[in-house]
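Heads up, the thing below is written out as structure tokens.
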Amino acid sequence: MTQKFEFVGTVQLWPNGARGNPVALYLEKLENGECRISARLSEWRHVVGVGATVNKAAGNYELSLKAAVPADGAYEGPYWNSGIKAEKPAPPKPAPAPAAPASS
């Protein structure tokens, strides 16, 4: 089966403080139902968003991009096509408080 990629948005990168060209982002739907969003440029393919839905993959991509390019002002976006709303994963729940020892 051939892979099909769907254009879903762009991200504007600012390498070394200079304005770069927008990078296209593509969606790949795997046979197991998983959605993956990434750029097709070899230097940015390592930044991947994965999720059960397109919106969850978009939210995961935004988190992956922040981790890969942490400097302020290093990029703008991503700008998603209409209909895509990035869903950020829920923050982890705090650990339960330890139980108090029973007094006799």
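Each chain of the structure tokens is named A, B, ... in the order shown, its residues numbered from 1; ligands are numbered from 1 in display order.
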
At a cut-off of 10 Å, using only C-alpha atoms, what residues contact Gly33 of chain A? Leave out same-chain residues fewer than 6 positions from it and give the result as a count of residues only.
3

Find the spatial neighbours of segment 87-89 of chain A, counting only C-alpha atoms, within a cut-off of 6 Å - ignore same-chain residues fewer than 2 positions away - and output them as a list in words.
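Contacts, in chain order: Asn55, Lys56 and Gly59 of chain A.
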
Write out as a ChimeraX atom specification all residues of chain A that DSSP puts in helix (DSSP H, G or I) for this structure's backbone.
/A:15-17,42-44,54-68

Would you output that residue set with N, CA and C atoms, as a compact mmCIF listing (two decimals), in the first residue's frame?
# COMPACT_ATOMS: atom_id res chain seq x y z
N PRO A 15 15.90 30.27 11.57
CA PRO A 15 17.23 29.75 11.91
C PRO A 15 18.25 30.87 12.02
N ASN A 16 19.02 30.86 13.09
CA ASN A 16 20.06 31.87 13.34
C ASN A 16 19.52 33.29 13.31
N GLY A 17 18.27 33.48 13.68
CA GLY A 17 17.67 34.81 13.72
C GLY A 17 17.25 35.36 12.38
N SER A 42 14.25 16.82 5.44
CA SER A 42 15.06 15.89 6.24
C SER A 42 15.54 16.51 7.55
N GLU A 43 15.85 17.80 7.57
CA GLU A 43 16.35 18.41 8.79
C GLU A 43 15.28 18.61 9.86
N TRP A 44 13.99 18.49 9.50
CA TRP A 44 12.90 18.68 10.47
C TRP A 44 12.03 17.45 10.62
N VAL A 54 -6.33 13.46 14.54
CA VAL A 54 -5.55 14.54 13.93
C VAL A 54 -5.30 15.65 14.94
N ASN A 55 -6.31 16.01 15.71
CA ASN A 55 -6.17 17.09 16.69
C ASN A 55 -5.18 16.74 17.80
N LYS A 56 -5.18 15.48 18.24
CA LYS A 56 -4.22 15.05 19.27
C LYS A 56 -2.81 15.01 18.70
N ALA A 57 -2.67 14.60 17.44
CA ALA A 57 -1.35 14.61 16.80
C ALA A 57 -0.85 16.04 16.65
N ALA A 58 -1.75 16.99 16.35
CA ALA A 58 -1.36 18.40 16.23
C ALA A 58 -0.88 18.94 17.57
N GLY A 59 -1.58 18.62 18.65
CA GLY A 59 -1.15 19.05 19.98
C GLY A 59 0.19 18.45 20.36
N ASN A 60 0.39 17.18 20.04
CA ASN A 60 1.66 16.52 20.32
C ASN A 60 2.78 17.11 19.48
N TYR A 61 2.48 17.51 18.23
CA TYR A 61 3.49 18.15 17.38
C TYR A 61 3.95 19.47 17.99
N GLU A 62 3.00 20.26 18.49
CA GLU A 62 3.36 21.54 19.10
C GLU A 62 4.28 21.34 20.31
N LEU A 63 4.01 20.33 21.13
CA LEU A 63 4.87 20.04 22.27
C LEU A 63 6.25 19.55 21.81
N SER A 64 6.28 18.72 20.78
CA SER A 64 7.56 18.22 20.25
C SER A 64 8.39 19.36 19.66
N LEU A 65 7.72 20.30 18.99
CA LEU A 65 8.42 21.44 18.40
C LEU A 65 9.03 22.32 19.48
N LYS A 66 8.28 22.56 20.57
CA LYS A 66 8.80 23.37 21.68
C LYS A 66 10.02 22.70 22.32
N ALA A 67 10.00 21.37 22.41
CA ALA A 67 11.13 20.65 22.99
C ALA A 67 12.34 20.68 22.06
N ALA A 68 12.12 20.63 20.75
CA ALA A 68 13.22 20.61 19.78
C ALA A 68 13.82 21.99 19.55

Taking only C-alpha atoms into account, name the residue in A:Lys4, A:His46, A:Lys93, A:Arg40 that is nearest to Ala24 of chain A.
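Looking only at the distances to Ala24 of chain A, the closest residue turns out to be A:Arg40.
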
Surrounding residues of segment 71-79 of chain A excluding itself and chain neighbours under 4 positions, 7 Å, only C-alpha atoms, as an MDAnalysis selection string:
chainID A and resid 9:15

Just to be explicit: take each residue in the selection above, keep C-alpha atoms, and write the result as an mmCIF file, in the first residue's frame.
data_model
loop_
_atom_site.group_PDB
_atom_site.id
_atom_site.type_symbol
_atom_site.label_atom_id
_atom_site.label_comp_id
_atom_site.auth_asym_id
_atom_site.auth_seq_id
_atom_site.Cartn_x
_atom_site.Cartn_y
_atom_site.Cartn_z
ATOM 1 C CA GLY A 9 -0.397 23.360 7.886
ATOM 2 C CA THR A 10 2.894 25.227 8.098
ATOM 3 C CA VAL A 11 5.460 26.377 10.620
ATOM 4 C CA GLN A 12 7.716 29.419 10.097
ATOM 5 C CA LEU A 13 11.266 28.846 11.341
ATOM 6 C CA TRP A 14 13.847 31.534 12.108
ATOM 7 C CA PRO A 15 17.226 29.748 11.908
#
